[in-house]
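The data block below is work_30.txt; it holds compact mmCIF, C-alpha atoms.
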```txt
# COMPACT_ATOMS: atom_id res chain seq x y z
CA MET A 1 135.63 90.17 98.14
CA GLY A 2 136.03 92.30 101.24
CA VAL A 3 133.59 92.82 104.07
CA TYR A 4 132.10 96.27 104.49
CA GLY A 5 130.72 97.43 107.81
CA VAL A 6 129.63 100.60 109.56
CA SER A 7 131.68 102.98 111.64
CA GLY A 8 131.33 106.50 112.89
CA PHE A 9 128.85 107.85 115.40
CA ALA A 10 125.49 106.35 116.28
CA SER A 11 122.57 108.08 117.93
CA ASN A 12 119.00 107.14 118.67
CA VAL A 13 116.67 109.84 117.41
CA GLY A 14 113.40 110.60 119.13
CA THR A 15 112.13 109.95 122.62
CA PRO A 16 109.58 107.49 124.01
CA HIS A 17 105.98 108.64 124.00
CA PRO A 18 103.28 108.28 126.63
CA SER A 19 101.57 104.94 127.11
CA PRO A 20 98.16 104.35 125.50
CA LEU A 21 94.96 104.87 127.47
CA PRO A 22 94.43 102.19 130.15
CA ARG A 23 91.54 99.84 129.49
CA GLU A 24 89.29 101.41 132.13
CA ARG A 25 89.50 104.66 130.16
CA GLU A 26 88.77 103.08 126.79
CA PRO A 27 86.69 105.54 124.75
CA ARG A 28 83.43 104.81 122.96
CA ILE A 29 83.33 104.76 119.15
CA GLY A 30 82.72 108.30 118.03
CA GLN A 31 84.01 109.83 121.29
CA ARG A 32 86.73 112.44 120.78
CA VAL A 33 89.91 111.72 122.74
CA GLN A 34 93.51 112.83 122.90
CA LEU A 35 96.00 110.94 120.73
CA GLY A 36 98.80 109.05 122.54
CA ARG A 37 102.22 107.53 121.89
CA GLY A 38 103.98 109.19 119.04
CA GLY A 39 102.42 112.03 117.10
CA SER A 40 99.31 114.11 117.56
CA ALA A 41 96.30 114.93 115.45
CA PRO A 42 96.26 118.35 113.76
CA ASN A 43 93.66 119.70 116.22
CA GLY A 44 94.87 117.66 119.18
CA ASP A 45 92.03 115.14 119.22
CA ILE A 46 90.49 112.51 116.95
CA ASN A 47 87.44 110.37 116.34
CA VAL A 48 87.83 106.78 117.47
CA SER A 49 87.42 104.67 114.34
CA LYS A 50 86.38 101.25 113.10
CA VAL A 51 88.90 99.37 110.96
CA LEU A 52 88.50 96.28 108.79
CA VAL A 53 91.67 94.17 108.49
CA ILE A 54 91.64 91.64 105.65
CA GLY A 55 94.12 88.78 106.11
CA ALA A 56 95.02 86.45 108.96
CA GLY A 57 98.72 85.68 108.53
CA GLY A 58 101.61 86.79 110.71
CA VAL A 59 101.58 90.40 109.49
CA ALA A 60 97.85 90.78 110.12
CA SER A 61 98.28 89.19 113.54
CA VAL A 62 100.96 91.71 114.50
CA ALA A 63 98.94 94.62 113.15
CA VAL A 64 95.83 93.84 115.20
CA HIS A 65 97.89 93.12 118.33
CA LYS A 66 99.38 96.59 117.94
CA MET A 67 96.01 98.21 117.14
CA ALA A 68 94.64 96.74 120.37
CA GLN A 69 97.26 98.74 122.26
CA LEU A 70 95.86 102.00 120.83
CA PRO A 71 92.13 101.89 121.59
CA GLU A 72 92.11 105.69 121.51
CA ILE A 73 92.56 105.39 117.72
CA PHE A 74 91.33 101.90 116.85
CA GLY A 75 87.98 101.87 118.61
CA ALA A 76 86.81 98.68 116.90
CA VAL A 77 88.66 96.17 114.73
CA THR A 78 87.17 93.47 112.54
CA MET A 79 89.47 90.82 111.07
CA ALA A 80 88.37 88.86 107.99
CA SER A 81 89.92 86.02 105.99
CA ARG A 82 88.95 83.10 103.79
CA ARG A 83 89.74 80.88 106.79
CA LYS A 84 87.84 82.41 109.70
CA PHE A 85 89.35 80.02 112.23
CA LYS A 86 92.70 81.78 111.78
CA CYS A 87 91.06 85.11 112.60
CA ASP A 88 89.46 83.53 115.66
CA ALA A 89 92.87 82.32 116.89
CA VAL A 90 94.38 85.81 116.50
CA ALA A 91 91.38 87.37 118.23
CA ALA A 92 91.80 84.98 121.17
CA SER A 93 95.48 85.94 121.49
CA VAL A 94 94.66 89.66 121.41
CA LYS A 95 91.95 89.19 124.06
CA GLU A 96 94.30 87.22 126.32
CA ARG A 97 97.20 89.68 125.99
CA PHE A 98 95.41 93.02 125.96
CA GLY A 99 91.77 92.47 126.91
CA TYR A 100 90.64 93.87 123.56
CA ASP A 101 87.82 92.26 121.56
CA ILE A 102 88.37 91.65 117.83
CA ASP A 103 85.36 90.80 115.67
CA THR A 104 85.97 88.11 113.03
CA GLU A 105 84.41 87.43 109.64
CA GLU A 106 84.88 85.12 106.65
CA VAL A 107 85.50 86.58 103.19
CA ASP A 108 86.98 85.59 99.84
CA ALA A 109 88.97 88.73 99.00
CA ASP A 110 89.13 87.70 95.33
CA ASP A 111 85.35 88.24 95.20
CA VAL A 112 84.70 91.97 94.85
CA ASP A 113 80.97 91.64 95.54
CA ALA A 114 81.52 89.63 98.71
CA THR A 115 84.23 92.00 99.93
CA ALA A 116 82.06 95.06 99.24
CA ALA A 117 79.16 93.43 101.09
CA LEU A 118 81.42 92.82 104.09
CA ILE A 119 82.61 96.43 104.06
CA GLU A 120 79.02 97.67 103.96
CA ARG A 121 78.11 95.42 106.89
CA VAL A 122 81.11 96.38 109.06
CA GLU A 123 81.06 100.09 108.10
CA PRO A 124 84.76 100.77 108.76
CA LYS A 125 86.52 104.08 108.20
CA LEU A 126 89.52 102.25 106.70
CA VAL A 127 90.23 98.87 105.08
CA VAL A 128 93.71 97.53 105.90
CA ASN A 129 94.62 94.94 103.26
CA LEU A 130 97.09 92.42 104.71
CA ALA A 131 96.05 89.59 102.39
CA LEU A 132 97.98 88.40 99.32
CA PRO A 133 99.30 90.87 96.70
CA TYR A 134 97.12 89.10 94.10
CA GLN A 135 94.09 90.50 95.90
CA ASP A 136 95.06 94.19 95.99
CA LEU A 137 93.00 95.22 92.99
CA SER A 138 89.84 93.39 94.03
CA ILE A 139 89.98 94.91 97.52
CA MET A 140 90.68 98.38 96.10
CA GLU A 141 87.68 97.97 93.79
CA ALA A 142 85.51 97.01 96.77
CA CYS A 143 86.70 100.16 98.60
CA LEU A 144 85.80 102.30 95.60
CA ARG A 145 82.33 100.77 95.45
CA THR A 146 81.71 101.41 99.14
CA GLY A 147 83.49 104.76 99.56
CA ILE A 148 86.10 103.61 102.09
CA ASP A 149 89.83 104.45 102.36
CA TYR A 150 92.42 101.73 101.65
CA LEU A 151 95.90 100.70 102.87
CA ASP A 152 98.21 97.81 101.94
CA THR A 153 101.80 96.66 102.48
CA ALA A 154 102.82 95.22 99.08
CA ASN A 155 102.09 96.07 95.46
CA TYR A 156 99.80 94.11 93.20
CA GLU A 157 101.12 91.26 91.11
CA PRO A 158 99.22 88.90 88.80
CA ARG A 159 99.01 85.26 89.79
CA ASP A 160 100.33 83.95 86.49
CA GLU A 161 103.40 86.20 86.21
CA ALA A 162 106.05 87.17 88.78
CA LYS A 163 105.85 90.85 87.86
CA PHE A 164 106.19 93.47 90.57
CA GLU A 165 104.85 96.78 89.30
CA TYR A 166 102.79 99.65 90.73
CA LYS A 167 101.19 100.48 87.36
CA TRP A 168 97.92 98.69 88.05
CA GLN A 169 97.40 100.47 91.35
CA TRP A 170 98.66 103.85 90.17
CA ASP A 171 96.12 103.62 87.35
CA LEU A 172 93.38 103.86 90.00
CA HIS A 173 94.59 107.27 91.21
CA ASP A 174 91.97 109.31 89.37
CA ARG A 175 89.12 107.09 90.54
CA PHE A 176 90.17 107.40 94.19
CA ARG A 177 90.71 111.15 93.80
CA GLU A 178 87.32 111.71 92.18
CA ALA A 179 85.67 109.68 94.96
CA GLY A 180 87.44 111.76 97.61
CA LEU A 181 89.19 108.62 98.94
CA MET A 182 92.76 107.86 99.91
CA ALA A 183 94.72 104.70 99.10
CA LEU A 184 98.12 104.30 100.81
CA LEU A 185 100.38 101.73 99.17
CA GLY A 186 103.23 99.80 100.75
CA SER A 187 102.89 100.60 104.46
CA GLY A 188 105.14 97.74 105.58
CA PHE A 189 108.87 97.82 106.24
CA ASP A 190 110.24 97.31 102.75
CA PRO A 191 108.37 98.79 101.06
CA GLY A 192 107.24 101.26 103.67
CA VAL A 193 109.66 102.20 106.42
CA THR A 194 112.57 102.16 103.97
CA SER A 195 110.80 104.80 101.88
CA VAL A 196 110.08 106.88 104.99
CA PHE A 197 113.76 106.57 105.96
CA ALA A 198 114.66 107.99 102.55
CA THR A 199 112.37 111.01 102.93
CA TYR A 200 113.60 111.55 106.49
CA ILE A 201 117.18 111.57 105.20
CA ARG A 202 116.21 114.02 102.47
CA LYS A 203 114.39 116.29 104.93
CA HIS A 204 116.86 116.30 107.82
CA LEU A 205 120.24 114.76 106.97
CA LEU A 206 121.13 115.55 103.35
CA ASP A 207 120.38 118.44 101.03
CA ARG A 208 120.48 116.06 98.08
CA ILE A 209 120.55 112.26 97.76
CA ASP A 210 122.75 110.90 94.97
CA THR A 211 122.72 107.17 95.75
CA LEU A 212 120.44 105.07 97.94
CA ASP A 213 120.99 101.46 99.01
CA ILE A 214 118.34 99.55 100.95
CA LEU A 215 119.78 96.68 103.02
CA ASP A 216 117.47 93.96 104.40
CA CYS A 217 119.14 91.48 106.75
CA ASN A 218 117.35 88.71 108.62
CA GLY A 219 119.87 87.28 111.04
CA GLY A 220 117.33 84.93 112.59
CA ASP A 221 117.53 81.14 112.81
CA HIS A 222 114.23 79.22 112.91
CA GLY A 223 115.81 75.78 113.23
CA GLN A 224 114.21 74.39 110.05
CA HIS A 225 116.09 72.83 107.13
CA PHE A 226 114.16 75.08 104.73
CA ALA A 227 111.39 77.56 105.44
CA THR A 228 110.42 81.09 104.48
CA ASN A 229 109.72 83.84 107.00
CA PHE A 230 106.68 85.09 105.10
CA ASN A 231 104.29 83.56 102.56
CA PRO A 232 106.43 80.95 100.71
CA GLU A 233 104.74 81.54 97.37
CA ILE A 234 105.37 85.30 97.46
CA ASN A 235 108.87 84.92 98.92
CA ILE A 236 110.11 82.45 96.31
CA ARG A 237 108.56 84.37 93.39
CA GLU A 238 110.35 87.49 94.61
CA VAL A 239 113.73 85.84 95.18
CA THR A 240 113.83 83.98 91.87
CA ALA A 241 112.82 86.98 89.73
CA PRO A 242 115.58 88.82 87.79
CA ALA A 243 117.34 91.53 89.77
CA ARG A 244 116.86 95.14 88.71
CA HIS A 245 118.21 98.43 89.96
CA TYR A 246 117.80 102.04 88.92
CA GLU A 247 120.80 104.01 87.66
CA ASN A 248 121.00 107.28 85.74
CA GLY A 249 117.40 107.14 84.59
CA GLU A 250 117.50 103.53 83.41
CA TRP A 251 116.57 100.13 84.81
CA ILE A 252 119.46 97.65 84.72
CA GLU A 253 118.53 93.96 84.86
CA THR A 254 120.81 91.13 85.98
CA PRO A 255 120.16 87.42 86.65
CA ALA A 256 118.60 86.57 90.01
CA LEU A 257 121.10 86.21 92.88
CA SER A 258 124.07 86.90 90.58
CA THR A 259 125.45 89.96 92.42
CA LYS A 260 126.71 89.38 95.97
CA GLN A 261 128.41 91.53 98.58
CA CYS A 262 129.34 90.88 102.21
CA PHE A 263 128.29 93.40 104.84
CA ASP A 264 128.84 93.54 108.60
CA PHE A 265 125.43 94.30 110.11
CA ASP A 266 125.17 95.86 113.55
CA GLN A 267 124.15 93.25 116.20
CA VAL A 268 123.91 90.54 113.50
CA GLY A 269 127.41 90.22 112.03
CA GLU A 270 128.78 89.49 108.58
CA LYS A 271 126.20 88.30 106.06
CA ASN A 272 126.17 87.76 102.31
CA MET A 273 123.60 89.99 100.66
CA TYR A 274 122.31 89.80 97.09
CA LEU A 275 121.11 92.45 94.67
CA MET A 276 117.36 92.11 94.06
CA TYR A 277 114.43 94.04 92.70
CA HIS A 278 111.94 95.41 95.20
CA GLU A 279 108.89 97.54 94.46
CA GLU A 280 109.94 100.60 96.45
CA LEU A 281 112.70 101.18 93.90
CA GLU A 282 110.03 102.01 91.34
CA SER A 283 108.15 104.47 93.53
CA LEU A 284 111.30 106.11 94.93
CA ALA A 285 112.67 106.65 91.41
CA ARG A 286 109.38 108.32 90.52
CA HIS A 287 108.95 110.51 93.60
CA LEU A 288 112.62 111.31 94.37
CA PRO A 289 113.96 111.78 90.82
CA GLU A 290 117.17 113.46 92.01
CA ILE A 291 118.55 110.08 93.10
CA LYS A 292 120.97 108.76 90.48
CA ARG A 293 121.14 105.16 91.69
CA ILE A 294 118.80 103.08 93.86
CA ARG A 295 119.53 99.47 94.81
CA PHE A 296 117.99 96.84 97.08
CA TRP A 297 119.96 94.11 98.87
CA MET A 298 118.72 91.11 100.87
CA THR A 299 120.67 88.55 102.88
CA PHE A 300 120.33 84.79 102.36
CA GLY A 301 122.14 81.90 103.99
CA ASP A 302 123.94 79.25 101.98
CA GLN A 303 121.53 76.53 103.15
CA TYR A 304 118.49 78.50 101.98
CA LEU A 305 120.07 79.11 98.56
CA LYS A 306 121.06 75.45 98.13
CA HIS A 307 117.55 74.25 98.84
CA LEU A 308 116.15 76.92 96.53
CA GLU A 309 118.50 75.84 93.74
CA VAL A 310 117.39 72.21 94.03
CA LEU A 311 113.72 73.20 94.07
CA GLN A 312 114.21 75.31 90.96
CA ASN A 313 116.10 72.51 89.20
CA VAL A 314 113.29 70.01 89.76
CA GLY A 315 110.58 72.49 88.73
CA MET A 316 108.98 73.04 92.13
CA THR A 317 109.18 76.86 91.88
CA ARG A 318 107.17 76.98 88.62
CA ILE A 319 104.07 79.18 88.68
CA ASP A 320 102.48 77.71 85.55
CA PRO A 321 100.03 74.82 86.07
CA VAL A 322 100.94 71.19 85.37
CA ILE A 323 98.63 68.18 85.08
CA TYR A 324 98.84 65.73 87.99
CA GLU A 325 96.45 62.76 88.14
CA GLY A 326 94.07 64.45 85.76
CA ARG A 327 93.92 67.84 87.50
CA GLU A 328 95.86 71.08 87.27
CA ILE A 329 98.20 72.05 90.09
CA VAL A 330 100.72 74.88 90.35
CA PRO A 331 104.03 73.44 91.66
CA LEU A 332 104.87 76.51 93.76
CA GLN A 333 101.44 76.46 95.38
CA PHE A 334 101.90 72.78 96.20
CA LEU A 335 105.33 73.57 97.69
CA LYS A 336 103.75 76.26 99.85
CA ALA A 337 101.32 73.67 101.22
CA VAL A 338 104.09 71.34 102.41
CA LEU A 339 106.48 73.96 103.81
CA PRO A 340 106.20 75.15 107.43
CA GLU A 341 103.59 77.86 107.96
CA PRO A 342 105.57 81.11 108.50
CA ALA A 343 103.33 82.06 111.43
CA SER A 344 104.43 78.84 113.18
CA LEU A 345 108.11 79.84 113.20
CA GLY A 346 107.87 82.53 115.87
CA GLU A 347 108.34 80.25 118.87
CA THR A 348 111.60 78.75 117.56
CA THR A 349 113.20 81.76 115.86
CA ARG A 350 116.22 83.37 117.50
CA GLY A 351 118.32 86.34 116.42
CA LYS A 352 117.64 89.78 114.99
CA THR A 353 116.75 91.63 111.81
CA ASN A 354 118.59 94.73 110.63
CA ILE A 355 116.94 96.76 107.84
CA GLY A 356 117.83 100.25 106.70
CA ASP A 357 118.92 102.80 104.11
CA ILE A 358 122.43 103.97 103.25
CA ALA A 359 122.35 107.27 101.38
CA THR A 360 125.19 109.32 99.93
CA GLY A 361 124.71 112.92 98.88
CA THR A 362 125.63 116.43 99.93
CA LYS A 363 125.07 118.46 103.09
CA ASP A 364 126.10 122.13 103.14
CA GLY A 365 128.14 121.54 99.99
CA GLU A 366 130.09 118.57 101.40
CA GLN A 367 129.68 114.89 100.48
CA LYS A 368 128.15 112.85 103.28
CA THR A 369 126.99 109.25 103.75
CA VAL A 370 124.37 108.36 106.36
CA TYR A 371 122.85 105.07 107.48
CA VAL A 372 119.37 104.94 109.04
CA TYR A 373 118.27 101.52 110.26
CA ASN A 374 116.21 99.48 112.70
CA ILE A 375 117.17 96.34 114.61
CA CYS A 376 114.35 94.03 115.71
CA ASP A 377 114.69 91.02 118.00
CA HIS A 378 112.73 87.89 117.02
CA GLU A 379 112.23 86.74 120.60
CA GLU A 380 111.03 90.13 121.81
CA ALA A 381 108.57 90.34 118.91
CA TYR A 382 107.26 86.88 119.78
CA ARG A 383 106.81 87.72 123.46
CA GLU A 384 104.67 90.73 122.60
CA THR A 385 102.58 89.43 119.70
CA GLY A 386 103.23 85.71 119.23
CA ASN A 387 104.98 86.37 115.89
CA GLN A 388 108.57 86.54 114.70
CA ALA A 389 110.35 89.76 113.71
CA VAL A 390 109.77 89.51 109.94
CA SER A 391 106.01 89.68 110.55
CA TYR A 392 106.52 92.26 113.31
CA THR A 393 108.54 94.64 111.14
CA THR A 394 105.74 94.65 108.55
CA GLY A 395 102.72 94.60 110.88
CA VAL A 396 103.84 97.53 113.04
CA PRO A 397 104.23 99.93 110.06
CA ALA A 398 100.83 98.81 108.77
CA MET A 399 99.32 99.87 112.09
CA ILE A 400 101.23 103.17 112.04
CA GLY A 401 100.16 104.01 108.49
CA ALA A 402 96.56 103.27 109.46
CA ALA A 403 96.85 105.44 112.57
CA LEU A 404 98.22 108.39 110.59
CA MET A 405 95.37 108.09 108.08
CA LEU A 406 92.72 107.84 110.79
CA THR A 407 94.09 110.82 112.72
CA GLY A 408 94.37 112.94 109.58
CA GLN A 409 98.12 113.43 109.88
CA TRP A 410 98.55 111.80 106.48
CA ARG A 411 95.75 112.77 104.18
CA GLY A 412 95.17 113.07 100.45
CA GLU A 413 92.75 112.13 97.72
CA GLY A 414 94.04 109.54 95.28
CA VAL A 415 96.61 106.73 95.37
CA PHE A 416 99.84 107.47 97.25
CA ASN A 417 103.16 105.90 98.18
CA MET A 418 104.79 106.35 101.56
CA GLU A 419 107.48 108.80 100.43
CA GLU A 420 104.85 111.34 99.40
CA PHE A 421 104.09 112.30 103.01
CA ASP A 422 105.90 114.04 105.87
CA PRO A 423 108.15 111.38 107.46
CA ASP A 424 108.27 112.93 110.94
CA PRO A 425 105.04 111.61 112.51
CA PHE A 426 105.72 108.13 111.14
CA MET A 427 109.29 108.15 112.47
CA ALA A 428 108.04 109.27 115.88
CA MET A 429 105.56 106.40 116.03
CA LEU A 430 108.25 103.88 115.05
CA ASN A 431 110.17 104.90 118.16
CA GLY A 432 107.07 104.64 120.31
CA HIS A 433 105.75 101.31 119.07
CA GLY A 434 108.57 98.80 118.99
CA LEU A 435 110.72 99.71 115.98
CA PRO A 436 113.23 102.32 117.22
CA TRP A 437 115.72 103.52 114.63
CA GLN A 438 119.28 104.74 114.64
CA VAL A 439 121.34 107.14 112.53
CA ARG A 440 125.01 106.66 111.74
CA GLU A 441 127.32 108.75 109.65
CA LEU A 442 129.63 106.52 107.60
CA PRO A 443 133.19 107.46 106.61
CA GLY A 444 132.32 107.36 102.91
CA PRO A 445 130.06 105.85 100.22
CA LEU A 446 129.67 102.11 99.87
CA PRO A 447 132.72 100.81 97.95
CA PHE A 448 130.62 98.63 95.66
```
Would you encode the structure as structure tokens?
Amino acid sequence: MGVYGVSGFASNVGTPHPSPLPREREPRIGQRVQLGRGGSAPNGDINVSKVLVIGAGGVASVAVHKMAQLPEIFGAVTMASRRKFKCDAVAASVKERFGYDIDTEEVDADDVDATAALIERVEPKLVVNLALPYQDLSIMEACLRTGIDYLDTANYEPRDEAKFEYKWQWDLHDRFREAGLMALLGSGFDPGVTSVFATYIRKHLLDRIDTLDILDCNGGDHGQHFATNFNPEINIREVTAPARHYENGEWIETPALSTKQCFDFDQVGEKNMYLMYHEELESLARHLPEIKRIRFWMTFGDQYLKHLEVLQNVGMTRIDPVIYEGREIVPLQFLKAVLPEPASLGETTRGKTNIGDIATGTKDGEQKTVYVYNICDHEEAYRETGNQAVSYTTGVPAMIGAALMLTGQWRGEGVFNMEEFDPDPFMAMLNGHGLPWQVRELPGPLPF
């Protein structure tokens, strides 16, 4: 098997944007102010807004650290989780780094009544769901009850089945539309930025996209024998599920981790990457039906895969309950409890991530292949927010999606995916808020 890399020209697109308002000019809630750093409101000014963030992991931590740097949009932020002490720790970090006060609350996001009561008490303009995918539907229901807009970073999946599907959330479209509310799904990196990259390519670089490959490379080293860079339960369920890709109107399924290619990633080097299923394939196939083939690839090291194989062989990745000493436990949930907390890995992680889209299609009647990607440094992410780059690359897009909703640049009534909106303001904010992107033209389509 050969190694494929990138060649051709590279260019950064977009320019830095002005810094946010200094703290002494922080506006009051309800005061109308000019929008800063990447994009502008349709009428040039906005209402400073309250936001409720549910979740207290690494992604939520990054998101609120970034919100604190835009007080002209995020006038007040409340962070809520089942474990309030984690929210308190994040709030203390934000206060120390940026002098911004985060309110904290306790909530069980599985409890619709409790979540709705919290929303009514906080009175936010937007709920940003950065909790577990299992909780998407309950939080969406609470938003419907209280008349508040909704945003998340990952699609719903049931606890008892590793099934990644947008159906459950898409089924709520009419209810959100009739209530005059907006729900934005998948405002992370993948899904999220990768979908925006695809629409940017379609708008500016290609007249038609024929094939799209999403490549997710984490070149970081956290120094642990085995650990996951985000929630272990979600990560392992995702990795061990059968691979699927979209081709010529059909879904093609293959065994998990059975298709491997080697790719030379810019600033990371050669890495083995494996064909997987990821939820943005479903929404991209729906909203960009011209694309004939859509695939998702993720890199894994040999040590990670060996540990995963052993854990699977001894039954530790099972998601069905077993009886232990007279009580039910789920092996994968027990494994999560003994593995390192992903948020604790930031201080020791070195290296970079490289995530992007390779698209082949036509431009002015000629075949063309383009590569749009971002490189994020783990150590730089940690210095700014206290979190590693995997959390950073998801938390920053969550903040950007929220900002675009609050400023009215992205607006609709119903349930939407990222690729349904104009990519330009989102791409501008990526450049201005820590995730600059590059465009390369490749000599030809991927050879595999």
For range 132-149 of chain A: contacts at 9 Å, all atoms listed in the file, fewer than 2 positions along chain excluded, given as a ChimeraX atom specification:
/A:54-55,109-117,119-120,123-130,151-159,168-169,172,175-176,179-184,231,234,405
Let me have the centre and edge lengths of the axis-aligned box enclosing all listed atoms of range 414-422 of chain A with 3 Å padding on every side, in Å to one decimal, as JSON.
```
{"center_x": 100.8, "center_y": 110.0, "center_z": 100.6, "size_x": 19.4, "size_y": 14.1, "size_z": 16.6}
```
Just the residues within 9 Å of Gly434 in chain A, please, counting all atoms listed in the file, with nothing from its chain fewer than 4 positions along; format it as a ChimeraX atom specification.
/A:376,381,392-393,396,429-430
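Between CA of Lys167 in chain A and CA of Phe334 in chain A the separation is 29.1 Å.
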For CA of Ile214 in chain A and CA of Asp357 in chain A, quote the distance in Å rounded to one decimal.
4.6 Å
Write out as a tab-separated table (two decimals) with C-alpha atoms, keeping the file's coordinate frame the residues lying within 9 Å of Ala68 in chain A, counting only C-alpha atoms and excluding same-chain residues fewer than 5 positions away.
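Contents of selection_20.tsv, freshly written:
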```tsv
chain	number	residue	atom	x	y	z
A	63	ALA	CA	98.94	94.62	113.15
A	74	PHE	CA	91.33	101.90	116.85
A	75	GLY	CA	87.98	101.87	118.61
A	76	ALA	CA	86.81	98.68	116.90
A	77	VAL	CA	88.66	96.17	114.73
A	94	VAL	CA	94.66	89.66	121.41
A	95	LYS	CA	91.95	89.19	124.06
A	98	PHE	CA	95.41	93.02	125.96
A	99	GLY	CA	91.77	92.47	126.91
A	100	TYR	CA	90.64	93.87	123.56
A	101	ASP	CA	87.82	92.26	121.56
A	102	ILE	CA	88.37	91.65	117.83
```
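What separates CA of Phe296 in chain A from CA of His278 in chain A is a distance of 6.5 Å.
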Extract, using only C-alpha atoms, all DNA, RNA and protein residues at most 10 Å from Arg237 in chain A, discarding same-chain residues fewer than 5 positions from it, and format them as a PDB file with C-alpha atoms, in the frame of the given file.
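Saved the output as result.pdb:
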```
ATOM      1  CA  GLU A 161     103.400  86.200  86.210  1.00  0.00           C
ATOM      2  CA  ALA A 162     106.050  87.170  88.780  1.00  0.00           C
ATOM      3  CA  LYS A 163     105.850  90.850  87.860  1.00  0.00           C
ATOM      4  CA  PHE A 164     106.190  93.470  90.570  1.00  0.00           C
ATOM      5  CA  PRO A 232     106.430  80.950 100.710  1.00  0.00           C
ATOM      6  CA  THR A 317     109.180  76.860  91.880  1.00  0.00           C
ATOM      7  CA  ARG A 318     107.170  76.980  88.620  1.00  0.00           C
ATOM      8  CA  ILE A 319     104.070  79.180  88.680  1.00  0.00           C
ATOM      9  CA  LEU A 332     104.870  76.510  93.760  1.00  0.00           C
TER      10      LEU A 332
END
```
Tell me which residues come within 7 Å of (117.5, 88.4, 88.5), as a ChimeraX atom specification, counting all atoms listed in the file in the file's coordinates.
/A:240-244,253-257,276
Polymer residues at most 12 Å from (120.0, 77.1, 100.2) by only C-alpha atoms, as a ChimeraX atom specification
/A:224-228,236,239,257,299-312
Nearest to Met67 in chain A by atom-to-atom distance, counting all atoms listed in the file, from A:Glu419, A:Pro397, A:Arg293, A:Ala337
A:Pro397
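Considering the residues A:Ser93, A:Thr407, A:Gln388, A:Thr369 and counting only C-alpha atoms, Glu441 in chain A has its shortest atom-to-atom contact with A:Thr369.
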From the options A:Ala56, A:Leu185, A:Val64, A:Ile375, which residue's atoms come nearest to Lys86 in chain A, counting all atoms listed in the file?
A:Ala56
